[in-house]
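A.B. asks: Provided below: final_15.txt, containing compact mmCIF, C-alpha atoms.
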```
# COMPACT_ATOMS: atom_id res chain seq x y z
CA MET A 1 26.92 27.37 -19.27
CA SER A 2 24.00 25.36 -17.82
CA ASP A 3 22.15 22.36 -19.31
CA TYR A 4 19.18 24.62 -19.98
CA GLU A 5 21.46 26.91 -21.98
CA SER A 6 22.97 24.05 -24.03
CA ARG A 7 19.48 22.67 -24.79
CA HIS A 8 18.37 26.14 -25.90
CA SER A 9 21.50 26.52 -28.02
CA VAL A 10 20.92 23.17 -29.77
CA SER A 11 17.24 23.97 -30.46
CA VAL A 12 18.18 27.32 -32.02
CA LEU A 13 20.94 25.64 -34.00
CA GLU A 14 18.45 23.03 -35.22
CA GLU A 15 16.02 25.69 -36.42
CA GLN A 16 18.73 27.59 -38.26
CA TYR A 17 20.10 24.32 -39.69
CA ASP A 18 16.78 23.65 -41.46
CA LYS A 19 16.65 27.16 -42.85
CA ILE A 20 20.23 27.21 -44.11
CA TYR A 21 19.80 23.74 -45.56
CA ARG A 22 16.69 24.89 -47.44
CA TYR A 23 18.60 27.92 -48.72
CA CYS A 24 21.54 25.78 -49.88
CA TYR A 25 19.18 23.27 -51.45
CA TYR A 26 17.46 26.08 -53.33
CA LYS A 27 20.86 27.21 -54.61
CA LEU A 28 22.32 23.80 -55.42
CA ARG A 29 19.28 21.54 -55.95
CA GLN A 30 21.16 18.51 -54.61
CA ARG A 31 20.44 17.09 -51.18
CA GLU A 32 23.85 15.69 -50.25
CA LEU A 33 25.73 18.69 -51.55
CA ALA A 34 23.31 21.07 -49.83
CA GLU A 35 23.76 19.22 -46.55
CA ASP A 36 27.56 19.25 -46.85
CA ILE A 37 27.53 22.98 -47.53
CA THR A 38 25.10 23.55 -44.63
CA GLN A 39 27.39 21.73 -42.22
CA GLU A 40 30.46 23.52 -43.55
CA THR A 41 28.60 26.82 -43.09
CA PHE A 42 27.88 26.03 -39.44
CA LEU A 43 31.40 24.80 -38.71
CA ARG A 44 32.86 28.02 -40.10
CA PHE A 45 30.24 30.17 -38.39
CA LEU A 46 30.60 28.52 -34.97
CA ASN A 47 34.34 29.10 -35.05
CA GLN A 48 33.85 32.84 -35.31
CA GLU A 49 34.35 35.02 -32.27
CA ARG A 50 31.16 36.87 -33.16
CA TYR A 51 29.08 33.73 -32.51
CA ARG A 52 30.83 33.09 -29.20
CA ASP A 53 30.00 36.61 -28.04
CA ILE A 54 26.68 37.60 -29.54
CA GLY A 55 25.25 34.40 -30.97
CA PHE A 56 23.44 34.09 -34.27
CA HIS A 57 24.31 36.92 -36.59
CA LEU A 58 22.06 35.89 -39.45
CA PRO A 59 23.63 38.06 -42.20
CA CYS A 60 26.96 36.43 -41.43
CA LEU A 61 25.46 32.93 -41.48
CA TYR A 62 23.70 33.50 -44.81
CA ARG A 63 26.77 35.22 -46.28
CA ILE A 64 28.92 32.16 -45.50
CA ALA A 65 26.28 29.84 -46.97
CA HIS A 66 25.97 32.02 -50.08
CA ASN A 67 29.74 32.18 -50.58
CA LEU A 68 30.13 28.43 -50.16
CA CYS A 69 27.38 27.82 -52.70
CA VAL A 70 29.08 30.20 -55.13
CA ASP A 71 32.40 28.41 -54.55
CA GLU A 72 30.68 25.12 -55.30
CA PHE A 73 29.32 26.57 -58.51
CA ARG A 74 32.82 27.68 -59.46
CA ARG A 75 34.36 24.34 -58.58
CA LYS A 76 31.73 22.37 -60.45
CA LYS A 77 29.92 23.88 -63.37
CA PRO A 78 26.22 24.53 -62.69
CA GLU A 79 25.24 22.07 -65.43
CA GLU A 80 27.23 19.38 -63.62
CA ILE A 81 25.41 20.09 -60.36
CA PHE A 82 22.01 20.03 -61.95
CA SER A 83 22.75 16.98 -64.09
CA GLU A 84 23.85 15.12 -60.92
CA GLU A 85 20.56 16.03 -59.43
CA MET A 86 18.55 14.80 -62.36
CA THR A 87 20.33 11.45 -62.62
CA GLY A 88 20.11 10.62 -58.92
CA ASP A 89 17.19 9.19 -56.98
CA GLU A 90 16.61 12.64 -55.61
CA ALA A 91 15.14 13.77 -58.88
CA ALA A 92 12.04 11.78 -58.09
CA ALA A 93 12.00 12.82 -54.46
CA ASP A 94 12.69 16.44 -55.24
CA LYS A 95 10.04 18.55 -53.67
CA MET A 96 11.51 21.86 -54.70
CA PHE A 97 8.86 23.70 -56.71
CA SER A 98 6.52 20.79 -56.08
CA GLY A 99 3.32 22.69 -56.76
CA VAL A 100 3.16 22.99 -60.54
CA SER A 101 1.28 26.26 -60.58
CA VAL A 102 3.47 27.90 -57.94
CA LYS A 103 6.53 26.62 -59.78
CA MET A 104 5.34 28.25 -62.97
CA ALA A 105 4.46 31.43 -61.15
CA LEU A 106 7.87 31.54 -59.49
CA ALA A 107 9.49 31.12 -62.90
CA VAL A 108 8.27 34.59 -63.90
CA LEU A 109 10.36 36.12 -61.10
CA ASP A 110 14.01 36.90 -61.56
CA GLU A 111 16.68 35.17 -59.46
CA GLU A 112 16.96 37.99 -56.93
CA GLU A 113 13.20 38.17 -56.42
CA ARG A 114 12.96 34.40 -55.92
CA GLU A 115 15.77 34.47 -53.38
CA MET A 116 14.12 37.35 -51.54
CA ILE A 117 10.80 35.51 -51.44
CA LEU A 118 12.52 32.41 -50.07
CA LEU A 119 14.35 34.38 -47.39
CA ARG A 120 11.45 36.62 -46.37
CA TYR A 121 8.41 34.34 -46.52
CA VAL A 122 9.79 30.81 -46.26
CA ASN A 123 12.82 31.22 -44.00
CA GLU A 124 11.23 34.22 -42.23
CA VAL A 125 14.47 36.17 -42.24
CA PRO A 126 14.01 39.69 -40.79
CA VAL A 127 13.95 42.53 -43.35
CA SER A 128 17.01 44.14 -41.75
CA VAL A 129 19.02 40.97 -42.46
CA ILE A 130 17.83 40.85 -46.08
CA CYS A 131 18.86 44.51 -46.44
CA GLU A 132 22.34 43.62 -45.24
CA LEU A 133 22.59 40.56 -47.48
CA PHE A 134 21.50 42.32 -50.67
CA ARG A 135 23.03 45.67 -49.68
CA LEU A 136 19.69 47.39 -50.24
CA SER A 137 17.70 49.91 -48.22
CA ARG A 138 14.73 48.75 -46.16
CA PHE A 139 12.43 50.59 -48.55
CA ALA A 140 13.95 48.84 -51.58
CA VAL A 141 13.52 45.42 -49.96
CA TYR A 142 9.86 46.12 -49.10
CA ARG A 143 9.25 47.40 -52.63
CA LYS A 144 10.94 44.43 -54.30
CA THR A 145 9.23 41.78 -52.16
CA ALA A 146 5.83 43.46 -52.58
CA LYS A 147 6.38 43.62 -56.34
CA ALA A 148 7.41 39.95 -56.44
CA LEU A 149 4.34 38.95 -54.43
CA ARG A 150 2.08 40.96 -56.75
CA LYS A 151 3.63 39.22 -59.76
CA LEU A 152 3.06 35.84 -58.15
CA GLU A 153 -0.54 36.59 -57.26
CA LYS A 154 -1.21 37.82 -60.78
CA GLU A 155 0.29 34.66 -62.27
CA LEU A 156 -1.71 32.43 -59.96
CA LYS A 157 -4.97 34.22 -60.73
CA GLU A 158 -4.56 33.95 -64.50
CA MET B 1 -2.46 23.82 -65.86
CA LYS B 2 -2.55 26.50 -63.23
CA THR B 3 -4.46 24.72 -60.55
CA VAL B 4 -3.48 26.73 -57.47
CA ARG B 5 -5.31 29.98 -56.93
CA ALA B 6 -4.30 32.72 -54.60
CA ASP B 7 -7.88 32.89 -53.33
CA GLY B 8 -6.92 32.40 -49.72
CA GLY B 9 -5.09 35.72 -49.56
CA LYS B 10 -1.49 36.35 -48.63
CA ASP B 11 -1.34 33.73 -45.89
CA ALA B 12 -2.43 31.02 -48.30
CA LEU B 13 0.11 32.22 -50.83
CA LYS B 14 2.86 32.11 -48.24
CA GLU B 15 1.82 28.58 -47.32
CA LYS B 16 2.02 27.57 -50.99
CA LEU B 17 5.45 29.17 -51.19
CA ARG B 18 6.63 27.15 -48.21
CA GLU B 19 5.47 24.01 -49.95
CA ALA B 20 7.05 25.07 -53.22
CA PHE B 21 10.44 25.72 -51.63
CA ALA B 22 10.36 22.57 -49.49
CA ALA B 23 13.58 20.56 -49.54
CA PRO B 24 13.94 16.80 -48.94
CA ALA B 25 14.60 15.99 -45.29
CA PRO B 26 18.30 16.18 -44.37
CA VAL B 27 19.70 12.79 -43.35
CA ASP B 28 22.74 13.82 -41.34
CA LYS B 29 21.21 16.58 -39.22
CA GLU B 30 20.84 14.67 -35.92
CA ARG B 31 24.41 13.39 -35.95
CA PHE B 32 25.80 16.80 -36.88
CA LEU B 33 23.89 18.63 -34.14
CA ARG B 34 24.97 16.03 -31.59
CA THR B 35 28.65 16.26 -32.45
CA VAL B 36 29.11 19.88 -33.51
CA PRO B 37 31.57 21.60 -31.15
CA GLN B 38 29.95 24.53 -29.35
CA PRO B 39 32.13 27.41 -28.12
CA GLN B 40 32.03 27.57 -24.33
CA MET B 41 31.71 30.65 -22.15
CA SER B 42 32.02 30.92 -18.37
CA HIS B 43 29.34 32.59 -16.22
CA VAL B 44 31.65 35.51 -15.44
CA GLU B 45 32.43 36.07 -19.13
CA PHE B 46 28.71 35.94 -19.90
CA MET B 47 27.90 38.49 -17.17
CA LEU B 48 30.67 40.83 -18.34
CA LEU B 49 29.38 40.51 -21.90
CA GLN B 50 25.86 41.47 -20.80
CA ILE B 51 27.09 44.65 -19.05
CA GLY B 52 28.05 46.01 -22.46
CA TYR B 53 24.44 45.69 -23.67
CA MET B 54 22.86 47.52 -20.76
CA LYS B 55 21.55 51.04 -21.21
CA LYS B 56 23.84 53.89 -20.11
CA TRP B 57 21.07 55.78 -18.30
CA ILE B 58 20.84 52.95 -15.77
CA TRP B 59 24.33 53.74 -14.55
CA ALA B 60 23.63 57.48 -14.88
CA VAL B 61 20.62 57.31 -12.49
CA SER B 62 22.71 55.52 -9.86
CA ALA B 63 25.60 57.96 -10.34
CA PHE B 64 23.18 60.90 -9.98
CA VAL B 65 21.71 59.58 -6.69
CA PHE B 66 25.19 58.75 -5.41
CA GLY B 67 26.36 62.28 -6.30
CA ILE B 68 23.46 63.85 -4.38
CA ALA B 69 24.09 61.61 -1.34
CA LEU B 70 27.81 62.38 -1.38
CA ASN B 71 27.28 66.13 -1.70
CA GLY B 72 24.58 66.18 0.99
CA ALA B 73 26.62 64.18 3.46
CA CYS B 74 30.07 65.69 2.90
CA PHE B 75 29.61 69.24 1.61
CA TRP B 76 26.13 70.50 2.44
CA ASN B 77 26.06 68.81 5.89
CA ARG B 78 22.33 68.20 5.61
CA ASP B 79 20.13 65.23 6.46
CA MET B 80 19.74 63.65 3.05
CA LEU B 81 17.90 60.51 4.14
CA TRP B 82 14.46 61.62 2.89
CA VAL B 83 15.82 62.95 -0.38
CA ILE B 84 17.74 59.74 -1.09
CA ALA B 85 14.80 57.57 0.04
CA SER B 86 12.52 59.48 -2.37
CA LEU B 87 15.00 58.85 -5.19
CA MET B 88 15.27 55.12 -4.48
CA PRO B 89 12.19 54.28 -6.63
CA PHE B 90 14.06 55.63 -9.66
CA ILE B 91 17.00 53.34 -8.96
CA ALA B 92 14.49 50.49 -8.72
CA LEU B 93 12.99 51.72 -12.02
CA SER B 94 16.33 51.14 -13.74
CA LEU B 95 16.24 47.50 -12.63
CA THR B 96 12.66 46.80 -13.67
CA THR B 97 12.83 48.52 -17.05
CA GLU B 98 16.10 46.81 -17.93
CA ASN B 99 14.53 43.46 -17.17
CA ALA B 100 11.42 44.28 -19.16
CA ARG B 101 13.33 45.68 -22.14
CA SER B 102 12.54 42.70 -24.37
CA ALA B 103 8.82 43.07 -23.57
CA VAL B 104 8.88 46.86 -24.05
CA TYR B 105 10.26 46.53 -27.57
CA GLY B 106 8.39 43.28 -28.36
CA MET B 107 11.65 41.39 -28.81
CA GLU B 108 11.01 38.29 -26.65
CA GLU B 109 10.50 36.01 -29.63
CA LEU B 110 13.63 37.26 -31.35
CA GLU B 111 15.70 36.97 -28.18
CA MET B 112 14.53 33.40 -27.77
CA ALA B 113 16.05 32.70 -31.20
CA SER B 114 19.43 34.09 -30.24
CA ARG B 115 22.26 31.95 -28.93
CA PHE B 116 21.64 32.78 -25.29
CA SER B 117 18.20 32.06 -23.89
CA LEU B 118 15.99 34.91 -22.72
CA ARG B 119 15.99 33.33 -19.26
CA SER B 120 19.80 33.48 -19.02
CA VAL B 121 19.87 37.05 -20.26
CA VAL B 122 17.15 38.16 -17.80
CA LEU B 123 18.88 36.36 -14.93
CA ALA B 124 22.22 37.92 -15.86
CA ARG B 125 20.69 41.42 -15.99
CA LEU B 126 18.96 40.86 -12.65
CA GLY B 127 22.17 39.56 -11.12
CA ILE B 128 24.31 42.42 -12.40
CA LEU B 129 21.89 45.15 -11.35
CA GLY B 130 21.10 43.42 -8.05
CA PHE B 131 24.80 43.23 -7.22
CA PHE B 132 25.40 46.81 -8.33
CA HIS B 133 22.42 48.15 -6.33
CA THR B 134 23.58 46.24 -3.24
CA LEU B 135 26.99 47.90 -3.55
CA LEU B 136 25.29 51.26 -4.08
CA LEU B 137 23.16 50.75 -0.97
CA CYS B 138 26.26 49.83 1.03
CA VAL B 139 27.58 53.30 0.14
CA LEU B 140 24.28 55.21 0.35
CA VAL B 141 23.25 53.92 3.80
CA PRO B 142 26.27 55.31 5.71
CA LEU B 143 26.21 58.51 3.65
CA SER B 144 22.49 59.04 4.36
CA SER B 145 22.81 58.30 8.07
CA ARG B 146 25.80 60.59 8.52
CA ASN B 147 23.78 63.74 9.32
CA SER B 148 20.65 61.86 10.36
CA VAL B 149 19.30 61.06 13.82
CA TYR B 150 18.59 57.47 12.81
CA THR B 151 20.88 54.48 13.17
CA VAL B 152 22.53 52.82 10.16
CA PHE B 153 20.06 49.90 10.41
CA GLN B 154 17.02 52.23 10.46
CA THR B 155 18.44 54.24 7.56
CA GLY B 156 18.94 51.02 5.59
CA ILE B 157 15.33 49.95 6.15
CA TYR B 158 13.96 53.43 5.26
CA LEU B 159 15.96 53.37 2.01
CA ILE B 160 15.22 49.78 1.00
CA VAL B 161 11.43 49.82 1.58
CA PRO B 162 10.59 52.36 -1.19
CA TYR B 163 13.03 50.50 -3.47
CA LEU B 164 11.30 47.19 -2.81
CA ILE B 165 7.76 48.63 -3.15
CA THR B 166 8.66 49.99 -6.60
CA THR B 167 10.40 46.78 -7.65
CA VAL B 168 7.61 44.43 -6.55
CA LEU B 169 4.84 46.54 -8.12
CA SER B 170 6.80 47.13 -11.34
CA LEU B 171 7.76 43.48 -11.79
CA GLY B 172 4.10 42.56 -11.28
CA ALA B 173 3.02 45.18 -13.82
CA SER B 174 5.64 44.07 -16.37
CA ARG B 175 4.12 40.58 -16.32
CA GLN B 176 0.61 41.93 -16.93
CA TYR B 177 1.27 44.56 -19.58
CA HIS B 178 3.03 44.46 -22.95
CA GLY B 179 4.97 46.82 -25.20
CA LYS B 180 5.57 50.42 -24.27
CA GLU B 181 2.82 50.21 -21.63
CA VAL B 182 5.29 48.31 -19.42
CA PHE B 183 7.69 51.24 -19.47
CA TYR B 184 4.95 53.79 -18.74
CA MET B 185 3.56 51.65 -15.92
CA CYS B 186 6.99 51.28 -14.31
CA MET B 187 7.60 55.02 -14.65
CA GLY B 188 4.20 55.77 -13.12
CA ILE B 189 4.78 53.40 -10.20
CA ALA B 190 8.25 54.86 -9.49
CA ALA B 191 6.92 58.43 -9.62
CA LEU B 192 3.93 57.54 -7.41
CA VAL B 193 6.07 55.82 -4.77
CA SER B 194 8.54 58.69 -4.81
CA VAL B 195 5.84 61.36 -4.42
CA LEU B 196 4.01 59.38 -1.71
CA HIS B 197 7.26 58.92 0.18
CA THR B 198 8.05 62.63 -0.06
CA VAL B 199 4.56 63.54 1.20
CA ILE B 200 4.62 60.99 4.06
CA SER B 201 8.16 61.86 5.16
CA GLY B 202 7.19 65.55 5.19
CA GLY B 203 3.73 65.32 6.78
CA ALA B 204 3.63 62.16 8.85
CA LYS B 205 6.91 62.16 10.75
CA ILE B 206 5.30 59.98 13.39
CA LEU B 207 5.67 57.00 11.04
CA TYR B 208 9.43 57.30 11.38
CA THR B 209 9.49 57.13 15.18
CA ARG B 210 10.87 54.15 17.11
CA ASP B 211 7.27 52.95 17.88
CA TYR B 212 6.52 52.38 14.24
CA PHE B 213 9.90 50.94 13.27
CA LYS B 214 8.73 47.35 13.79
CA TRP B 215 6.14 47.93 11.04
CA TRP B 216 8.90 49.07 8.73
CA VAL B 217 10.84 45.88 9.47
CA ALA B 218 7.68 43.83 8.83
CA ALA B 219 7.13 45.70 5.54
CA PHE B 220 10.75 45.00 4.60
CA ALA B 221 10.31 41.25 5.27
CA ILE B 222 7.02 41.03 3.34
CA LEU B 223 8.37 43.03 0.41
CA SER B 224 11.56 40.94 0.30
CA ALA B 225 9.42 37.78 0.06
CA GLY B 226 7.29 39.50 -2.60
CA PHE B 227 10.41 40.46 -4.55
CA ILE B 228 11.66 36.85 -4.56
CA MET B 229 8.21 35.62 -5.66
CA GLU B 230 8.01 38.19 -8.47
CA CYS B 231 11.49 37.24 -9.70
CA ARG B 232 10.50 33.56 -9.77
CA LYS B 233 7.29 34.34 -11.66
CA MET B 234 9.21 36.46 -14.15
CA ILE B 235 11.75 33.69 -14.77
CA ARG B 236 8.93 31.15 -15.20
CA GLN B 237 7.30 33.48 -17.72
CA THR B 238 10.47 33.74 -19.80
CA GLU B 239 10.67 29.93 -19.83
CA GLU B 240 7.07 29.73 -21.05
CA ILE B 241 7.87 32.08 -23.93
CA GLY B 242 10.73 29.76 -24.86
```
Output the file's structure in the form of structure tokens.

C.D. replies:
Amino acid sequence: MSDYESRHSVSVLEEQYDKIYRYCYYKLRQRELAEDITQETFLRFLNQERYRDIGFHLPCLYRIAHNLCVDEFRRKKPEEIFSEEMTGDEAAADKMFSGVSVKMALAVLDEEEREMILLRYVNEVPVSVICELFRLSRFAVYRKTAKALRKLEKELKE
Amino acid sequence: MKTVRADGGKDALKEKLREAFAAPAPVDKERFLRTVPQPQMSHVEFMLLQIGYMKKWIWAVSAFVFGIALNGACFWNRDMLWVIASLMPFIALSLTTENARSAVYGMEELEMASRFSLRSVVLARLGILGFFHTLLLCVLVPLSSRNSVYTVFQTGIYLIVPYLITTVLSLGASRQYHGKEVFYMCMGIAALVSVLHTVISGGAKILYTRDYFKWWVAAFAILSAGFIMECRKMIRQTEEIG
């Protein structure tokens, strides 16, 4: 393909890299580990025939990232991952949940709601992709995200 | 403790969420993106892949017109030139609507985020349909001139001019309008050109005499230049979206 096409491909890859990295970081809370998992996700994804033919199939990309994060959790216990984070320099630099009030508000949500909020409003993943990832109907995703947002707003207003 | 208020509405809340979920900057991103192996695909493979994503009715319209031309020329033994020429705008419609499909469904932004750029996809669609319509014309011209008093060259010009008028006007309209309006505009233009052609070919036969043929050739040349210009503008527009 042409130079224009390769430049386009790299810019799309770059955008998705940031989003997958943020997702992995949210799951693992450790920069180096999150970056390793992000790169492993892309290497596996780019080797798939589906990418060669149709390009970015987001559910597939997020599914690989999710599975690799779960594998990492299984390999290392979650406490180990989080303790590594807290002892490293990253603990100070950690910007995850940086706003105290938003952090507290997010704490009232359950894990699924938090993940949905991250995917929908931070990573701007289309609803159809979230439906596929969580195996939920479009209506259920809308209902759950709206409910989570309402909870957040209520917490922030109090 | 709770210092942040959701006073700014949902947009403000979303902004706060983005800040809350922010991750430290990745350190190895540049190197990874530079060295990551990208699967390659040849131009032919890419074109063949795009054919699979094109709407079936596009092929159906061409097959329908070809069927009429074949029947008229071989079985009915009638002069089908005016019928085929009046149907040419609908073949042109298939080209313009296929190219404007992203705009019709408001998918330009999403397509720009897919692996292949919108420009490559639009160019591939144009190339495929342009090649297919050229082949179709190569078959339709001799079929239409079979029972006609006109030469093959004249028949070709009489068939191509309504096609080009529809294409140029529709490509221009698809740059100006958005959403479903593009589709309705293209449909309207195709129908208008078809009806006008039917009326003129029925009521103003003088326009198809040898004296006026030079004007048809001039119209063909101007419209061909217009078609090239419209294609260039359309490609530039897809680059701007990117």

A.B. asks: Considering all atoms listed in the file, can you say which of B:Val65, B:Leu136, B:Ala20, B:Met185 comes closest to chain A?

C.D. replies: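 The answer is B:Ala20, which sits nearest to chain A.
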
A.B. asks: If we count all atoms listed in the file, what is near Tyr17 of chain A at a cut-off of 10 Å, once residues fewer than 5 positions away on the same chain are taken out, given as a ChimeraX atom specification?

C.D. replies: /A:11-12,22-23,35,38-39,41-42 /B:26,29,32-33

A.B. asks: Under the rule that only C-alpha atoms are counted, which of B:Ser145, B:Gln237, B:Thr35, B:Ser42 is the nearest residue to Gly172 of chain B?

C.D. replies: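 Going through B:Ser145, B:Gln237, B:Thr35, B:Ser42 one by one, the smallest distance to Gly172 of chain B is for B:Gln237.
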
A.B. asks: Measure the distance from atom CA of His43 of chain B to atom CA of Leu118 of chain B in Å and round it to one decimal.

C.D. replies: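 A separation of 15.0 Å between them.
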
A.B. asks: Fewer than 4 positions away in the same chain doesn't count, so skip those; otherwise give me all residues within 10 Å of Cys24 of chain A, counting all atoms listed in the file, as a list in words.

C.D. replies: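 The residues that qualify are Asp18, Lys19, Ile20, Leu28, Arg29, Gln30, Arg31, Leu33, Ala34, Glu35, Asp36, Ile37, Thr38, Thr41, Tyr62, Ala65, His66, Leu68 and Cys69 of chain A; Ala23 of chain B.
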
A.B. asks: Tell me which residues come within 12 Å of (7.3, 33.1, -46.9), as a ChimeraX atom specification, counting all atoms listed in the file in the file's coordinates.

C.D. replies: /A:19,114-126,145-146,148-149 /B:10-22

A.B. asks: Pick the closest to chain B from A:Ser128, A:Asn67, A:Ser137, A:Ser101: which is it, counting only C-alpha atoms?

C.D. replies: A:Ser101

A.B. asks: Write out as a PyMOL selection string each polymer residue whose atoms come within 10 Å of segment 200-206 of chain B, counting only C-alpha atoms; drop sequence neighbours fewer than 6 positions from it.

C.D. replies: chain B and resi 81-83+85-86+194+212

A.B. asks: Applying 8 Å and only C-alpha atoms, which residues near segment 155-160 of chain B remain after dropping the ones on its own chain fewer than 5 positions away? List them as a PyMOL selection string.

C.D. replies: chain B and resi 81+84-85+88+137+141+144-145+150+216-217+220

A.B. asks: I'd like the interatomic distance between atom CA of Lys27 of chain A and atom CA of Glu112 of chain A, to a tenth of an Å.

C.D. replies: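 Between atom CA of Lys27 of chain A and atom CA of Glu112 of chain A the gap works out to 11.7 Å.
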
A.B. asks: Using all atoms listed in the file, can you tell me which of B:Lys55, B:Arg125, B:Arg101, B:Arg119 comes closest to chain A?

C.D. replies: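 Ranked by minimum distance to chain A, first place goes to B:Arg119.
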
A.B. asks: In Å to one decimal, how far is atom CA of Ala92 of chain B from atom CA of Val61 of chain B?

C.D. replies: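 Atom CA of Ala92 of chain B lies at a distance of 9.9 Å from atom CA of Val61 of chain B.
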
A.B. asks: Choose the residue, out of B:Arg232, B:Arg146, B:Arg175, B:His197, that has the smallest atom-to-atom separation from Pro89 of chain B; count all atoms listed in the file.

C.D. replies: B:His197

A.B. asks: With distances taken over all atoms listed in the file, which residue among B:Leu48, B:Ala218, B:Ala100, B:Val36 lies nearest Tyr177 of chain B?

C.D. replies: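 When distances to Tyr177 of chain B are compared using all atoms listed in the file, the smallest one comes from B:Ala100.
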
A.B. asks: List as a VMD selection string the protein and nucleic acid residues near Ile235 of chain B, meaning an atom at most 12 Å away when all atoms listed in the file are counted, but skip any in the same chain fewer than 3 places from it.

C.D. replies: chain B and resid 99 to 100 117 to 126 171 175 228 to 232 238 to 242

A.B. asks: With N, CA and C atoms as the target, complete segment 225-239 of chain B and hand it back as an mmCIF file, keeping the file's coordinate frame.

C.D. replies:
```cif
data_model
loop_
_atom_site.group_PDB
_atom_site.id
_atom_site.type_symbol
_atom_site.label_atom_id
_atom_site.label_comp_id
_atom_site.auth_asym_id
_atom_site.auth_seq_id
_atom_site.Cartn_x
_atom_site.Cartn_y
_atom_site.Cartn_z
ATOM 1 N N ALA B 225 10.039 39.037 0.504
ATOM 2 C CA ALA B 225 9.420 37.780 0.060
ATOM 3 C C ALA B 225 8.694 38.017 -1.274
ATOM 4 N N GLY B 226 8.000 39.153 -1.370
ATOM 5 C CA GLY B 226 7.290 39.500 -2.600
ATOM 6 C C GLY B 226 8.249 39.664 -3.769
ATOM 7 N N PHE B 227 9.398 40.254 -3.515
ATOM 8 C CA PHE B 227 10.410 40.460 -4.550
ATOM 9 C C PHE B 227 10.907 39.110 -5.083
ATOM 10 N N ILE B 228 11.183 38.182 -4.153
ATOM 11 C CA ILE B 228 11.660 36.850 -4.560
ATOM 12 C C ILE B 228 10.574 36.142 -5.397
ATOM 13 N N MET B 229 9.312 36.259 -4.927
ATOM 14 C CA MET B 229 8.210 35.620 -5.660
ATOM 15 C C MET B 229 8.063 36.202 -7.067
ATOM 16 N N GLU B 230 8.150 37.532 -7.159
ATOM 17 C CA GLU B 230 8.010 38.190 -8.470
ATOM 18 C C GLU B 230 9.126 37.767 -9.413
ATOM 19 N N CYS B 231 10.354 37.657 -8.865
ATOM 20 C CA CYS B 231 11.490 37.240 -9.700
ATOM 21 C C CYS B 231 11.248 35.827 -10.219
ATOM 22 N N ARG B 232 10.757 34.937 -9.349
ATOM 23 C CA ARG B 232 10.500 33.560 -9.770
ATOM 24 C C ARG B 232 9.424 33.508 -10.845
ATOM 25 N N LYS B 233 8.369 34.322 -10.659
ATOM 26 C CA LYS B 233 7.290 34.340 -11.660
ATOM 27 C C LYS B 233 7.822 34.849 -13.002
ATOM 28 N N MET B 234 8.675 35.879 -12.921
ATOM 29 C CA MET B 234 9.210 36.460 -14.150
ATOM 30 C C MET B 234 10.071 35.444 -14.895
ATOM 31 N N ILE B 235 10.885 34.698 -14.148
ATOM 32 C CA ILE B 235 11.750 33.690 -14.770
ATOM 33 C C ILE B 235 10.898 32.580 -15.392
ATOM 34 N N ARG B 236 9.832 32.185 -14.666
ATOM 35 C CA ARG B 236 8.930 31.150 -15.200
ATOM 36 C C ARG B 236 8.278 31.639 -16.493
ATOM 37 N N GLN B 237 7.930 32.926 -16.525
ATOM 38 C CA GLN B 237 7.300 33.480 -17.720
ATOM 39 C C GLN B 237 8.239 33.456 -18.912
ATOM 40 N N THR B 238 9.506 33.768 -18.673
ATOM 41 C CA THR B 238 10.470 33.740 -19.800
ATOM 42 C C THR B 238 10.654 32.313 -20.303
ATOM 43 N N GLU B 239 10.567 31.332 -19.387
ATOM 44 C CA GLU B 239 10.670 29.930 -19.830
ATOM 45 C C GLU B 239 9.473 29.532 -20.664
#
```
